[in-house]
Every structure is written in structure tokens, then in C-alpha cells.
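The file model05.cif comes next; it holds mmCIF, C-alpha atoms and all ligand atoms.
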data_structure
#
loop_
_atom_site.label_atom_id
_atom_site.label_comp_id
_atom_site.auth_asym_id
_atom_site.auth_seq_id
_atom_site.Cartn_x
_atom_site.Cartn_y
_atom_site.Cartn_z
CA MET Q 1 43.42 199.28 181.13
CA ASN Q 2 45.16 197.22 178.51
CA LYS Q 3 42.86 194.95 176.56
CA ALA Q 4 45.24 192.18 175.61
CA ASP Q 5 43.50 189.01 174.50
CA THR Q 6 44.48 186.29 176.94
CA LYS Q 7 44.87 183.81 174.07
CA GLU Q 8 47.39 186.13 172.50
CA VAL Q 9 51.04 185.38 173.18
CA ILE Q 10 52.55 187.94 175.53
CA LYS Q 11 54.90 190.36 173.80
CA VAL Q 12 57.96 191.68 175.61
CA VAL Q 13 60.14 194.40 174.12
CA GLY Q 14 63.57 195.43 175.39
CA ILE Q 15 64.93 198.95 175.10
CA ALA Q 16 68.69 199.27 175.49
CA GLY Q 17 69.77 202.71 176.64
CA SER Q 18 73.33 202.67 175.32
CA LEU Q 19 74.10 203.76 171.76
CA ARG Q 20 77.68 202.51 171.96
CA PRO Q 21 78.73 200.01 169.27
CA GLY Q 22 79.49 196.82 171.19
CA SER Q 23 77.32 197.91 174.11
CA LEU Q 24 77.22 195.42 176.99
CA THR Q 25 73.90 196.79 178.20
CA ARG Q 26 72.42 195.71 174.87
CA GLU Q 27 73.72 192.18 175.53
CA ALA Q 28 72.16 192.21 179.00
CA VAL Q 29 68.81 193.25 177.50
CA ARG Q 30 69.14 190.52 174.87
CA LEU Q 31 69.71 187.98 177.64
CA ALA Q 32 66.69 189.16 179.63
CA LEU Q 33 64.61 188.89 176.45
CA ALA Q 34 65.90 185.35 175.98
CA GLY Q 35 64.54 184.57 179.45
CA ALA Q 36 61.13 185.90 178.43
CA ALA Q 37 61.24 183.86 175.22
CA GLU Q 38 62.07 180.71 177.23
CA ILE Q 39 58.61 180.81 178.75
CA GLY Q 40 56.84 181.51 175.49
CA ALA Q 41 56.83 185.30 175.08
CA ARG Q 42 57.33 186.94 171.71
CA THR Q 43 60.30 189.28 172.10
CA GLU Q 44 61.91 192.15 170.26
CA LEU Q 45 64.96 194.24 170.98
CA ILE Q 46 64.47 197.93 170.32
CA ASP Q 47 67.92 199.22 169.39
CA LEU Q 48 67.71 203.00 169.74
CA ARG Q 49 70.56 203.39 167.22
CA GLU Q 50 68.10 202.25 164.56
CA TYR Q 51 65.58 204.96 165.46
CA ASP Q 52 66.01 208.45 164.12
CA LEU Q 53 64.52 210.23 167.12
CA VAL Q 54 64.39 213.91 168.05
CA PHE Q 55 64.49 215.46 171.49
CA CYS Q 56 61.21 215.48 173.35
CA ASP Q 57 59.81 219.02 173.15
CA GLY Q 58 56.74 218.34 175.25
CA THR Q 59 54.22 218.72 172.41
CA ARG Q 60 53.60 214.99 171.75
CA SER Q 61 53.78 215.96 168.06
CA GLU Q 62 57.47 215.06 167.66
CA GLY Q 63 56.34 212.20 165.39
CA GLU Q 64 55.43 214.77 162.71
CA ARG Q 65 59.12 215.69 162.49
CA ALA Q 66 60.49 212.20 163.09
CA PRO Q 67 58.33 209.24 161.98
CA ASP Q 68 60.54 206.89 164.00
CA VAL Q 69 59.01 208.40 167.14
CA LEU Q 70 55.68 206.95 166.02
CA LYS Q 71 57.37 203.62 165.22
CA LEU Q 72 58.90 203.50 168.71
CA ARG Q 73 55.58 204.33 170.37
CA GLN Q 74 53.77 201.70 168.29
CA LYS Q 75 56.27 198.94 169.15
CA VAL Q 76 56.01 199.66 172.87
CA ARG Q 77 52.21 200.02 172.72
CA GLU Q 78 51.97 196.51 171.25
CA ALA Q 79 53.91 194.99 174.17
CA GLN Q 80 52.56 193.89 177.52
CA GLY Q 81 56.02 193.64 179.08
CA ILE Q 82 59.04 195.93 178.73
CA ILE Q 83 62.69 195.41 179.70
CA LEU Q 84 64.63 198.62 180.18
CA GLY Q 85 68.42 198.39 180.11
CA THR Q 86 70.79 201.20 180.95
CA PRO Q 87 74.44 201.90 181.58
CA GLU Q 88 75.21 203.88 184.73
CA TYR Q 89 76.08 207.38 183.45
CA HIS Q 90 77.30 209.81 186.11
CA GLY Q 91 75.22 208.19 188.81
CA SER Q 92 72.00 207.84 186.82
CA PHE Q 93 70.60 206.27 183.67
CA SER Q 94 71.51 207.39 180.16
CA GLY Q 95 70.17 210.51 178.49
CA ALA Q 96 69.35 208.53 175.34
CA LEU Q 97 67.00 206.33 177.34
CA LYS Q 98 65.48 209.30 179.18
CA ASN Q 99 64.71 211.01 175.89
CA ALA Q 100 63.15 207.84 174.47
CA LEU Q 101 61.00 207.51 177.60
CA ASP Q 102 60.04 211.19 177.48
CA LEU Q 103 58.79 210.67 173.93
CA MET Q 104 56.35 208.11 175.37
CA SER Q 105 53.74 208.18 178.09
CA PHE Q 106 50.86 206.26 179.69
CA ASP Q 107 49.60 205.01 176.29
CA GLU Q 108 52.80 203.05 175.93
CA PHE Q 109 53.58 202.19 179.57
CA GLY Q 110 50.39 202.46 181.63
CA GLY Q 111 49.56 199.14 183.30
CA LYS Q 112 52.52 197.37 181.67
CA VAL Q 113 55.04 195.21 183.49
CA VAL Q 114 58.60 196.53 183.43
CA GLY Q 115 61.92 194.86 184.33
CA LEU Q 116 65.27 196.61 184.77
CA VAL Q 117 68.85 195.63 183.99
CA GLY Q 118 71.92 197.85 184.17
CA THR Q 119 75.67 197.84 183.68
CA SER Q 120 78.45 199.95 185.11
CA GLY Q 121 82.16 200.42 184.63
CA GLY Q 122 82.83 200.80 188.34
CA ALA Q 123 82.47 198.40 191.23
CA MET Q 124 79.43 200.18 192.72
CA GLY Q 125 77.21 198.87 189.92
CA ALA Q 126 74.25 200.51 188.20
CA VAL Q 127 72.01 200.63 191.28
CA ASN Q 128 71.58 204.40 191.20
CA ALA Q 129 70.62 204.25 187.52
CA LEU Q 130 68.15 201.44 188.18
CA ASN Q 131 66.59 203.15 191.18
CA SER Q 132 66.12 206.36 189.18
CA LEU Q 133 64.58 204.34 186.36
CA ARG Q 134 62.24 202.68 188.86
CA LEU Q 135 60.87 206.12 189.78
CA VAL Q 136 60.35 206.94 186.12
CA GLY Q 137 58.47 203.66 185.67
CA ARG Q 138 56.17 204.61 188.52
CA SER Q 139 55.54 208.01 186.92
CA LEU Q 140 54.66 206.26 183.68
CA HIS Q 141 52.10 204.19 185.66
CA ALA Q 142 53.94 200.96 184.95
CA TRP Q 143 54.44 198.05 187.34
CA VAL Q 144 58.18 197.76 187.83
CA ILE Q 145 59.01 194.31 189.18
CA PRO Q 146 61.10 194.13 192.38
CA LEU Q 147 63.84 192.00 190.81
CA GLN Q 148 66.48 194.04 189.01
CA VAL Q 149 70.02 193.16 187.97
CA SER Q 150 73.02 195.45 188.09
CA ILE Q 151 76.16 194.17 186.37
CA ALA Q 152 79.07 195.95 188.05
CA GLU Q 153 82.40 196.20 186.19
CA ALA Q 154 80.64 194.95 183.09
CA TRP Q 155 83.90 195.09 181.10
CA LYS Q 156 85.14 192.19 183.30
CA GLN Q 157 81.93 190.20 183.38
CA PHE Q 158 81.46 189.57 179.67
CA ASP Q 159 83.78 187.36 177.59
CA GLU Q 160 84.89 188.00 173.98
CA GLN Q 161 81.65 186.49 172.67
CA LYS Q 162 79.73 188.98 174.82
CA ARG Q 163 78.51 186.20 177.10
CA LEU Q 164 78.42 186.62 180.86
CA ARG Q 165 81.18 184.57 182.46
CA ASP Q 166 79.20 183.97 185.66
CA ASP Q 167 76.33 181.53 185.06
CA LYS Q 168 74.49 182.62 188.20
CA LEU Q 169 74.55 186.25 187.09
CA ALA Q 170 73.37 185.23 183.62
CA ALA Q 171 70.51 183.25 185.19
CA ARG Q 172 69.48 186.33 187.22
CA VAL Q 173 69.37 188.48 184.08
CA ARG Q 174 67.27 185.84 182.29
CA GLU Q 175 65.04 185.68 185.36
CA VAL Q 176 64.20 189.39 184.96
CA GLY Q 177 62.82 188.55 181.51
CA ARG Q 178 61.01 185.45 182.75
CA GLN Q 179 59.33 187.40 185.53
CA VAL Q 180 58.30 190.23 183.24
CA ALA Q 181 56.67 187.73 180.86
CA ARG Q 182 55.03 185.81 183.71
CA PHE Q 183 53.65 188.89 185.49
CA ALA Q 184 52.54 190.37 182.17
CA TYR Q 185 50.62 187.19 181.49
CA LEU Q 186 49.01 187.20 184.95
CA HIS Q 187 48.20 190.87 184.60
CA HIS Q 188 46.43 190.34 181.30
CA SER Q 189 44.76 186.99 182.06
CA ARG Q 190 40.99 186.72 181.80
CA GLN Q 191 40.60 186.63 185.59
CA ALA Q 192 42.74 189.75 186.01
CA GLN Q 193 40.73 191.50 183.29
CA ASP Q 194 37.44 190.51 184.97
CA PHE Q 195 38.73 191.70 188.34
CA LEU Q 196 39.79 195.04 186.87
CA ARG Q 197 36.42 195.48 185.14
CA LEU Q 198 34.54 194.81 188.39
CA TRP Q 199 36.90 197.12 190.23
CA GLU Q 200 36.42 199.93 187.75
CA GLU Q 201 32.63 199.48 187.75
CA ALA Q 202 32.38 199.39 191.55
CA PRO Q 203 30.27 202.33 192.85
CA GLN Q 204 32.79 203.22 195.50
CA ASN Q 205 36.15 202.96 193.87
CA PRO Q 206 38.70 205.18 195.53
CA GLY Q 207 41.17 204.81 192.65
CA ALA Q 208 38.75 205.79 189.87
CA GLU Q 209 38.24 209.29 188.57
C1 LIG Q 301 79.13 209.41 180.10
C2 LIG Q 301 79.50 208.20 180.92
C3 LIG Q 301 79.31 208.23 182.28
C4 LIG Q 301 79.63 207.12 183.06
N1 LIG Q 301 79.41 207.18 184.40
C5 LIG Q 301 79.66 206.09 185.16
C6 LIG Q 301 79.38 206.11 186.55
O1 LIG Q 301 78.91 207.10 187.10
N2 LIG Q 301 79.66 205.00 187.26
C7 LIG Q 301 80.19 203.86 186.68
O2 LIG Q 301 80.42 202.89 187.37
N3 LIG Q 301 80.44 203.81 185.36
C8 LIG Q 301 80.18 204.89 184.59
N4 LIG Q 301 80.41 204.84 183.23
C9 LIG Q 301 80.84 203.56 182.61
C10 LIG Q 301 79.65 202.81 182.03
O3 LIG Q 301 78.60 202.67 182.96
C11 LIG Q 301 80.05 201.39 181.61
O4 LIG Q 301 81.14 201.44 180.74
C12 LIG Q 301 78.88 200.65 180.98
O5 LIG Q 301 79.10 199.27 181.01
C13 LIG Q 301 78.67 201.09 179.54
O6 LIG Q 301 77.59 200.39 179.01
P1 LIG Q 301 77.59 199.94 177.48
O7 LIG Q 301 78.64 198.90 177.32
O8 LIG Q 301 76.20 199.40 177.30
O9 LIG Q 301 77.82 201.14 176.62
C14 LIG Q 301 80.14 205.95 182.45
C15 LIG Q 301 80.35 205.93 181.06
C16 LIG Q 301 80.04 207.05 180.30
C17 LIG Q 301 80.23 207.01 178.80
#

Is it possible to express this structure as C-alpha cells?
Amino acid sequence: MNKADTKEVIKVVGIAGSLRPGSLTREAVRLALAGAAEIGARTELIDLREYDLVFCDGTRSEGERAPDVLKLRQKVREAQGIILGTPEYHGSFSGALKNALDLMSFDEFGGKVVGLVGTSGGAMGAVNALNSLRLVGRSLHAWVIPLQVSIAEAWKQFDEQKRLRDDKLAARVREVGRQVARFAYLHHSRQAQDFLRLWEEAPQNPGAE
């Protein structure tokens, strides 16, 4: 259970899964984070290009070879809400994002609220990528919110200033961030914490080990 102080401002981080300079996914994550900030969350974009990561080798000691792995884990551990953004790559989410997620685990994601945004080049959108990511979120024991936004034909949807042309679509992306911040707050409120404590202490608790 995450022990966030309810007086503490909720922190939401966004991880953009494209390393491309000028990435539109990064802009979508930025917009979702802006939505979270609108309702008072502290936000930070985690730009994977700025992290010198290594491939996950399954030892959990990758941080000894690449200190940025520890930095990434620390940033995500500090957050109560996480936005994951990905381009659709060959019918799934990007390998860069998968590796970043594989370098983390329940310590970073367990019990956290996660929101998803995706972009695609084609008209089918990033739904396959987002659905795959949803499964990964479940495996990381995170609460992935039902709302997700797929921006199909992203190259058409953003203008030269990297702003979404369609206000309704932009509002939906911001709403992902708003909901992540709101659910993260509810999840970590005093009443939710008390409920979870009582639940965990209950003599017959089918979920407890
Ligand atoms: C390796 C690779 C695979 C891709 N596969 C798909 C795909 O399966 N379906 C699709 O619609 N677009 C596909 N695209 C296009 C990207 O999803 C699209 O350009 C996306 O907006 C890129 O995101 P970015 O601007 O954040 O880099 C692919 C692009 C690359 C580089």
C-alpha cells in the first residue's frame, strides 16, 4: 500500500514511449499532464531520451550499470499517478517503453493510478498498443483508468506548433490527466487509507497473503 500523505499534493508523472525528435506522443503526454496540473497535481514529463538506460536483464541490478535506471525508478516511485504514452509500433506499444517498464515493478507501479494515451500513423489508431499496455498495467498491479485516448493519423491532427487541431480531442487527452490526478487523490485520501488498513487487518481477507 502506498503511504502518501493526504495533505501532500498528488504527483503525476508522464512517460512518453517515443524517442523520436519532434515526437507527437510526447506532446500528447504533455497535454495529459497539463490536465492533471489544472486540478492541482504536481507534474513531470519523463523524457526517456534523457535517461541512459540499459536493457532489462531480469536481475533488478541494472542500476549498478546505469544509474539512470535508479533515477527513473525513483521518479516513478514518488508519483501517485502515471500517464503512459506510446506510438503504435507494428500493432503494439514501443519497445523503448516496454524496456522502461520492465526495468520497474510493483515498487514503482503497485497501487498507482495509470492513464493511457497513444498515437498512430494510420487510421486504425493506437488501440492495439493501448490495450496491450493496459494488460501490462494490470501485471504491474496498477489501476489503469477506463478512459484512454488514441490519436489516429497523428501527423494530421497536430498543427505546426504541435497543438491538436481538434479542441474536443485535446479536451479528451487533458481529461485523461485530470482523471488520473482525481483518482490518485481519492485512492490516497485518508478515508481510502483507513479503509485499506481495516481491509488488510480483517481476519478473513481473501486478498491478503
Ligand atoms: C517502427 C514503427 C512501427 C509503426 N507501426 C505502426 C502501426 O502498426 N500502425 C500505425 O498506424 N502506425 C505505425 N507507425 C507510425 C507511428 O505510430 C506514428 O508515426 C506515431 O505517431 C509516431 O509517434 P511519435 O510522433 O511520438 O514518434 C509505426 C512507426 C514506426 C517507427

Per-residue nearest contacts of chain Q to ligand LIG 301 (chain Q) (9 Å; only C-alpha atoms and all ligand atoms) as CSV:
residue,atom,partner,partner_atom,distance
Q:Ala16,CA,Q:LIG301,O8,7.7
Q:Gly17,CA,Q:LIG301,O8,7.3
Q:Ser18,CA,Q:LIG301,O8,4.8
Q:Leu19,CA,Q:LIG301,O9,6.7
Q:Arg20,CA,Q:LIG301,O9,4.9
Q:Pro21,CA,Q:LIG301,O9,7.5
Q:Gly22,CA,Q:LIG301,O7,6.5
Q:Ser23,CA,Q:LIG301,O7,3.6
Q:Leu24,CA,Q:LIG301,O7,3.8
Q:Thr25,CA,Q:LIG301,O8,3.6
Q:Arg26,CA,Q:LIG301,O8,5.8
Q:Glu27,CA,Q:LIG301,O8,7.8
Q:Ala28,CA,Q:LIG301,O8,8.4
Q:Gly85,CA,Q:LIG301,O8,8.3
Q:Thr86,CA,Q:LIG301,O8,6.8
Q:Pro87,CA,Q:LIG301,O6,4.3
Q:Glu88,CA,Q:LIG301,O3,4.0
Q:Tyr89,CA,Q:LIG301,N1,3.5
Q:His90,CA,Q:LIG301,O1,3.3
Q:Gly91,CA,Q:LIG301,O1,4.2
Q:Ser92,CA,Q:LIG301,O1,7.0
Q:Phe93,CA,Q:LIG301,O3,8.8
Q:Ser94,CA,Q:LIG301,C1,7.9
Q:Gly118,CA,Q:LIG301,O5,8.0
Q:Thr119,CA,Q:LIG301,O5,4.6
Q:Ser120,CA,Q:LIG301,O3,3.5
Q:Gly121,CA,Q:LIG301,C11,3.8
Q:Gly122,CA,Q:LIG301,O2,3.3
Q:Ala123,CA,Q:LIG301,O2,6.3
Q:Met124,CA,Q:LIG301,O2,6.1
Q:Gly125,CA,Q:LIG301,O2,5.7
Q:Ala126,CA,Q:LIG301,O2,6.7
Q:Asn128,CA,Q:LIG301,O1,8.8
Q:Ala129,CA,Q:LIG301,O1,8.8
Q:Ile151,CA,Q:LIG301,O5,8.0
Q:Ala152,CA,Q:LIG301,O2,7.1
Q:Glu153,CA,Q:LIG301,O5,6.9
Q:Ala154,CA,Q:LIG301,O5,5.0
Q:Trp155,CA,Q:LIG301,O5,6.4

Can you spit out the residues from that selection as a JSON list (two decimals), in the coordinates of the input, using C-alpha atoms?
[["chain", "number", "residue", "atom", "x", "y", "z"],
["Q", 16, "ALA", "CA", 68.69, 199.27, 175.49],
["Q", 17, "GLY", "CA", 69.77, 202.71, 176.64],
["Q", 18, "SER", "CA", 73.33, 202.67, 175.32],
["Q", 19, "LEU", "CA", 74.10, 203.76, 171.76],
["Q", 20, "ARG", "CA", 77.68, 202.51, 171.96],
["Q", 21, "PRO", "CA", 78.73, 200.01, 169.27],
["Q", 22, "GLY", "CA", 79.49, 196.82, 171.19],
["Q", 23, "SER", "CA", 77.32, 197.91, 174.11],
["Q", 24, "LEU", "CA", 77.22, 195.42, 176.99],
["Q", 25, "THR", "CA", 73.90, 196.79, 178.20],
["Q", 26, "ARG", "CA", 72.42, 195.71, 174.87],
["Q", 27, "GLU", "CA", 73.72, 192.18, 175.53],
["Q", 28, "ALA", "CA", 72.16, 192.21, 179.00],
["Q", 85, "GLY", "CA", 68.42, 198.39, 180.11],
["Q", 86, "THR", "CA", 70.79, 201.20, 180.95],
["Q", 87, "PRO", "CA", 74.44, 201.90, 181.58],
["Q", 88, "GLU", "CA", 75.21, 203.88, 184.73],
["Q", 89, "TYR", "CA", 76.08, 207.38, 183.45],
["Q", 90, "HIS", "CA", 77.30, 209.81, 186.11],
["Q", 91, "GLY", "CA", 75.22, 208.19, 188.81],
["Q", 92, "SER", "CA", 72.00, 207.84, 186.82],
["Q", 93, "PHE", "CA", 70.60, 206.27, 183.67],
["Q", 94, "SER", "CA", 71.51, 207.39, 180.16],
["Q", 118, "GLY", "CA", 71.92, 197.85, 184.17],
["Q", 119, "THR", "CA", 75.67, 197.84, 183.68],
["Q", 120, "SER", "CA", 78.45, 199.95, 185.11],
["Q", 121, "GLY", "CA", 82.16, 200.42, 184.63],
["Q", 122, "GLY", "CA", 82.83, 200.80, 188.34],
["Q", 123, "ALA", "CA", 82.47, 198.40, 191.23],
["Q", 124, "MET", "CA", 79.43, 200.18, 192.72],
["Q", 125, "GLY", "CA", 77.21, 198.87, 189.92],
["Q", 126, "ALA", "CA", 74.25, 200.51, 188.20],
["Q", 128, "ASN", "CA", 71.58, 204.40, 191.20],
["Q", 129, "ALA", "CA", 70.62, 204.25, 187.52],
["Q", 151, "ILE", "CA", 76.16, 194.17, 186.37],
["Q", 152, "ALA", "CA", 79.07, 195.95, 188.05],
["Q", 153, "GLU", "CA", 82.40, 196.20, 186.19],
["Q", 154, "ALA", "CA", 80.64, 194.95, 183.09],
["Q", 155, "TRP", "CA", 83.90, 195.09, 181.10]]

Worksheet entry | Spatial sel., origin (65.2, 198.5, 189.5), limit 8 Å, only C-alpha atoms, listed as number ranges by chain | Q: 115-117, 127, 130-134, 144-149

Requested write-out: C-alpha atoms of the selected residues, as a PDB file, in the coordinates of the input:
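The result, written out as selection12.pdb:
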ATOM      1  CA  GLY Q 115      61.920 194.860 184.330  1.00  0.00           C
ATOM      2  CA  LEU Q 116      65.270 196.610 184.770  1.00  0.00           C
ATOM      3  CA  VAL Q 117      68.850 195.630 183.990  1.00  0.00           C
ATOM      4  CA  VAL Q 127      72.010 200.630 191.280  1.00  0.00           C
ATOM      5  CA  LEU Q 130      68.150 201.440 188.180  1.00  0.00           C
ATOM      6  CA  ASN Q 131      66.590 203.150 191.180  1.00  0.00           C
ATOM      7  CA  SER Q 132      66.120 206.360 189.180  1.00  0.00           C
ATOM      8  CA  LEU Q 133      64.580 204.340 186.360  1.00  0.00           C
ATOM      9  CA  ARG Q 134      62.240 202.680 188.860  1.00  0.00           C
ATOM     10  CA  VAL Q 144      58.180 197.760 187.830  1.00  0.00           C
ATOM     11  CA  ILE Q 145      59.010 194.310 189.180  1.00  0.00           C
ATOM     12  CA  PRO Q 146      61.100 194.130 192.380  1.00  0.00           C
ATOM     13  CA  LEU Q 147      63.840 192.000 190.810  1.00  0.00           C
ATOM     14  CA  GLN Q 148      66.480 194.040 189.010  1.00  0.00           C
ATOM     15  CA  VAL Q 149      70.020 193.160 187.970  1.00  0.00           C
TER      16      VAL Q 149
END

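The residue that comes closest to Ala171 (chain Q), out of Q:His187, Q:Glu201, Q:Ile10, Q:Ala32 and on the basis of all atoms listed in the file, is Q:Ala32.
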
If you count only C-alpha atoms, which residues fall within 7 Å of Glu108 (chain Q), apart from same-chain ones fewer than 4 positions away, as an mmCIF file with C-alpha atoms, keeping the file's coordinate frame?
data_model
loop_
_atom_site.group_PDB
_atom_site.id
_atom_site.type_symbol
_atom_site.label_atom_id
_atom_site.label_comp_id
_atom_site.auth_asym_id
_atom_site.auth_seq_id
_atom_site.Cartn_x
_atom_site.Cartn_y
_atom_site.Cartn_z
ATOM 1 C CA ARG Q 73 55.580 204.330 170.370
ATOM 2 C CA VAL Q 76 56.010 199.660 172.870
ATOM 3 C CA ARG Q 77 52.210 200.020 172.720
ATOM 4 C CA MET Q 104 56.350 208.110 175.370
#

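Atom pair CA of Glu50 (chain Q) / CA of Phe106 (chain Q): separated by 23.3 Å.
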
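Going from CA of Leu140 (chain Q) over to CA of Lys11 (chain Q), you cover 18.7 Å.
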
Fill in: Straight-line distance linking CA of Arg174 (chain Q) with CA of Glu160 (chain Q), stated in Å to one decimal
19.6 Å

Centre and edge lengths, as AutoDock Vina command-line options, for the axis-aligned box enclosing every listed atom of region 35-40 of chain Q with 4 Å of padding on each of the six sides, in Å to one decimal?
--center_x 60.7 --center_y 183.3 --center_z 177.3 --size_x 15.7 --size_y 13.2 --size_z 12.2

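When only C-alpha atoms are used to measure the gap to Val114 (chain Q), the shortest distance among Q:Ile15, Q:Ala170, Q:Leu48, Q:Ile82 belongs to Q:Ile82.
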
Practice prompt. Find the residues around Asn99 (chain Q) up to 9 Å (all atoms listed in the file counted), leave out those fewer than 6 positions away in its own chain, and share them as a list in words.
Written response: Leu53, Val54, Phe55 and Cys56 of chain Q
